[in-house]
2 protein chains.
Amino acid sequence: MGTSKTEHFSARENEMALLMKALGHPARIAIIDYLLKVNTCICGDIVNELPLAQPTVSQHLKELKNAGLIKGNIEGNAICYCINGETFFKFQDFLSLIFEKIQNQKDNCC
Amino acid sequence: MGTSKTEHFSARENEMALLMKALGHPARIAIIDYLLKVNTCICGDIVNELPLAQPTVSQHLKELKNAGLIKGNIEGNAICYCINGETFFKFQDFLSLIFEKIQNQKDNCC
DNA sequence: AATCTTTATCGTAATATTGCGATATAAAAA
DNA sequence: TTTTTATATCGCAATATTACGATAAAGATT
């Protein structure tokens, strides 16, 4: 095993799980944090910022990009990454719904 | 390897990553969805609801519980699970901060 | 053109995750 | 008290993730 039975879940469930999973690593949270801090996107600097080797950072960036959470623009020699706001807002929509429902629930755990 | 270098990241980064990771599987998203729908918590019904065997569901519930996203109360024979709103709100605090920053960013990817 | 800089990819080792059958545990029902 | 019901745990196989050294690729610099 090790494979999720994705075909048995809804597209929405799978999509959200992928987004969550993409943020399910401290290095990737740290990358998002850094990108938010520097606003205008930088790239190789992330390698200096994190306690990880360059190939490892590159791999994490790839996962964030695949999930649509960041974008990468070729800028001559370097590649410049930045937050992809759109995806984050899709994320928020999902969570807002959850939070709304939670708020309407009385605090009755069984 | 296979182990994250958690000691090199901040407590907040690690904490958020763990929450995200806990929701990083469609079955666990589906469990949260179901618990939100039925409000007052049910337990063995989750097994009927999901296309997974009982031990697998039990394992997913354990992970959600470890992350603090759900609570489990012994109710005689059965065990009754329900959403733990508190943790979700901690979650929201983190995300609100992100969304706030994103909104303040112009749409300039490099 | 040769070299440097920057990032991606390959290959691999260590570990984690997913899923489930078999089994344990514990309360309820008969 | 035996049986049923409801969950958890063990053990295992298949696969995924994490991390990194080595190397490739591609534009910039000299």
# chains A, B, ... in the order shown; residues from 1 in each chain; ligands from 1
$ select_by_dssp --residues "range 13-93 of chain B" --states "strand (DSSP E or B)" --output "count of residues only"
12
$ residues_around --residues "DA16 in chain D" --least-positions-apart "2" --cutoff "12 Å" --atoms "only C-alpha atoms (C1' of nucleotides)" --output "VMD selection string"
(chain A and resid 1 to 4) or (chain B and resid 2) or (chain C and resid 15 to 18) or (chain D and resid 14 18)
$ interface_residues --of "chain A" --to "chain B" --cutoff "7 Å" --atoms "only C-alpha atoms" --output "JSON, numbers by chain"
{"A": [6, 8, 9, 13, 14, 17, 18, 20, 21, 23, 24, 25, 26, 29, 30, 36, 39, 40, 41, 51, 80, 82, 85, 101, 102, 105, 109, 110]}
$ interface_residues --of "chain C" --to "chain A" --cutoff "10 Å" --atoms "only C-alpha atoms (C1' of nucleotides)" --output "VMD selection string"
chain C and resid 5 to 9 16 to 20
$ select_by_dssp --residues "range 23-56 of chain A" --states "helix (DSSP H, G or I)" --output "PyMOL selection string"
chain A and resi 26-38+44-49+54-56
$ write_last_selection --atoms "C-alpha atoms" --output "PDB file, in the first residue's frame"
ATOM      1  CA  PRO A  26       7.666  22.763   8.103  1.00  0.00           C
ATOM      2  CA  ALA A  27      10.075  23.650   5.304  1.00  0.00           C
ATOM      3  CA  ARG A  28       7.196  24.427   2.979  1.00  0.00           C
ATOM      4  CA  ILE A  29       5.452  26.496   5.637  1.00  0.00           C
ATOM      5  CA  ALA A  30       8.746  28.328   6.098  1.00  0.00           C
ATOM      6  CA  ILE A  31       9.026  28.946   2.364  1.00  0.00           C
ATOM      7  CA  ILE A  32       5.523  30.440   2.277  1.00  0.00           C
ATOM      8  CA  ASP A  33       6.363  32.575   5.321  1.00  0.00           C
ATOM      9  CA  TYR A  34       9.515  33.826   3.645  1.00  0.00           C
ATOM     10  CA  LEU A  35       7.762  34.615   0.385  1.00  0.00           C
ATOM     11  CA  LEU A  36       5.136  36.557   2.299  1.00  0.00           C
ATOM     12  CA  LYS A  37       7.839  38.502   4.123  1.00  0.00           C
ATOM     13  CA  VAL A  38       9.876  39.514   1.097  1.00  0.00           C
ATOM     14  CA  GLY A  44      18.133  31.307  -4.358  1.00  0.00           C
ATOM     15  CA  ASP A  45      17.776  33.265  -1.148  1.00  0.00           C
ATOM     16  CA  ILE A  46      15.354  30.628   0.065  1.00  0.00           C
ATOM     17  CA  VAL A  47      18.222  28.174   0.058  1.00  0.00           C
ATOM     18  CA  ASN A  48      20.219  30.510   2.323  1.00  0.00           C
ATOM     19  CA  GLU A  49      17.179  31.016   4.530  1.00  0.00           C
ATOM     20  CA  GLN A  54      19.753  23.149  -2.483  1.00  0.00           C
ATOM     21  CA  PRO A  55      18.281  20.011  -4.093  1.00  0.00           C
ATOM     22  CA  THR A  56      15.974  19.569  -1.113  1.00  0.00           C
TER      23      THR A  56
END
$ interface_residues --of "chain D" --to "chain A" --cutoff "7 Å" --atoms "only C-alpha atoms (C1' of nucleotides)" --output "compact mmCIF listing (two decimals) with N, CA and C atoms (P, O5', C5', C4', C3', O3' and C1' of nucleotides), in the first residue's frame"
# COMPACT_ATOMS: atom_id res chain seq x y z
P DA D 13 5.61 -9.17 4.65
O5' DA D 13 4.95 -8.43 3.40
C5' DA D 13 3.66 -8.82 2.96
C4' DA D 13 3.11 -7.73 2.04
C3' DA D 13 4.11 -7.27 0.98
O3' DA D 13 3.43 -7.21 -0.27
C1' DA D 13 3.34 -5.42 2.25
P DA D 14 4.20 -6.77 -1.59
O5' DA D 14 3.74 -5.26 -1.76
C5' DA D 14 2.36 -4.98 -1.97
C4' DA D 14 2.19 -3.48 -2.10
C3' DA D 14 3.13 -2.84 -3.12
O3' DA D 14 2.37 -2.00 -3.98
C1' DA D 14 3.31 -1.75 -1.02
P DT D 15 3.04 -1.27 -5.20
O5' DT D 15 3.27 0.19 -4.61
C5' DT D 15 2.14 0.87 -4.09
C4' DT D 15 2.60 2.06 -3.29
C3' DT D 15 3.46 3.06 -4.09
O3' DT D 15 2.70 4.25 -4.18
C1' DT D 15 4.27 2.73 -1.88
P DA D 16 3.22 5.54 -4.92
O5' DA D 16 3.58 6.53 -3.71
C5' DA D 16 2.77 6.54 -2.55
C4' DA D 16 3.31 7.58 -1.57
C3' DA D 16 3.99 8.77 -2.20
O3' DA D 16 3.57 9.93 -1.49
C1' DA D 16 5.51 7.65 -0.74
P DA D 19 13.25 17.10 4.91
O5' DA D 19 14.68 16.68 4.37
C5' DA D 19 15.44 15.75 5.13
C4' DA D 19 16.65 15.31 4.34
C3' DA D 19 17.40 16.45 3.65
O3' DA D 19 18.65 16.64 4.26
C1' DA D 19 17.14 14.54 2.24
P DC D 20 19.61 17.80 3.82
O5' DC D 20 20.53 17.04 2.76
C5' DC D 20 21.25 15.89 3.19
C4' DC D 20 21.93 15.28 1.98
C3' DC D 20 22.70 16.30 1.14
O3' DC D 20 23.98 15.79 0.86
C1' DC D 20 21.29 15.01 -0.22
P DG D 27 19.07 29.39 -22.10
O5' DG D 27 19.34 30.87 -21.53
C5' DG D 27 18.64 31.33 -20.38
C4' DG D 27 19.61 32.01 -19.44
C3' DG D 27 20.35 33.21 -20.05
O3' DG D 27 20.22 34.33 -19.18
C1' DG D 27 21.88 31.72 -19.03
P DA D 28 20.94 35.71 -19.42
O5' DA D 28 22.22 35.59 -18.50
C5' DA D 28 22.07 35.81 -17.09
C4' DA D 28 23.45 36.06 -16.46
C3' DA D 28 24.18 37.28 -16.96
O3' DA D 28 24.75 37.97 -15.85
C1' DA D 28 25.51 35.33 -17.36
$ atom_distance --atom1 "CA of Ala67 in chain A" --atom2 "CA of Phe94 in chain B"
19.2 Å
$ atom_distance --atom1 "C1' of DA22 in chain D" --atom2 "C1' of DC10 in chain C"
8.6 Å
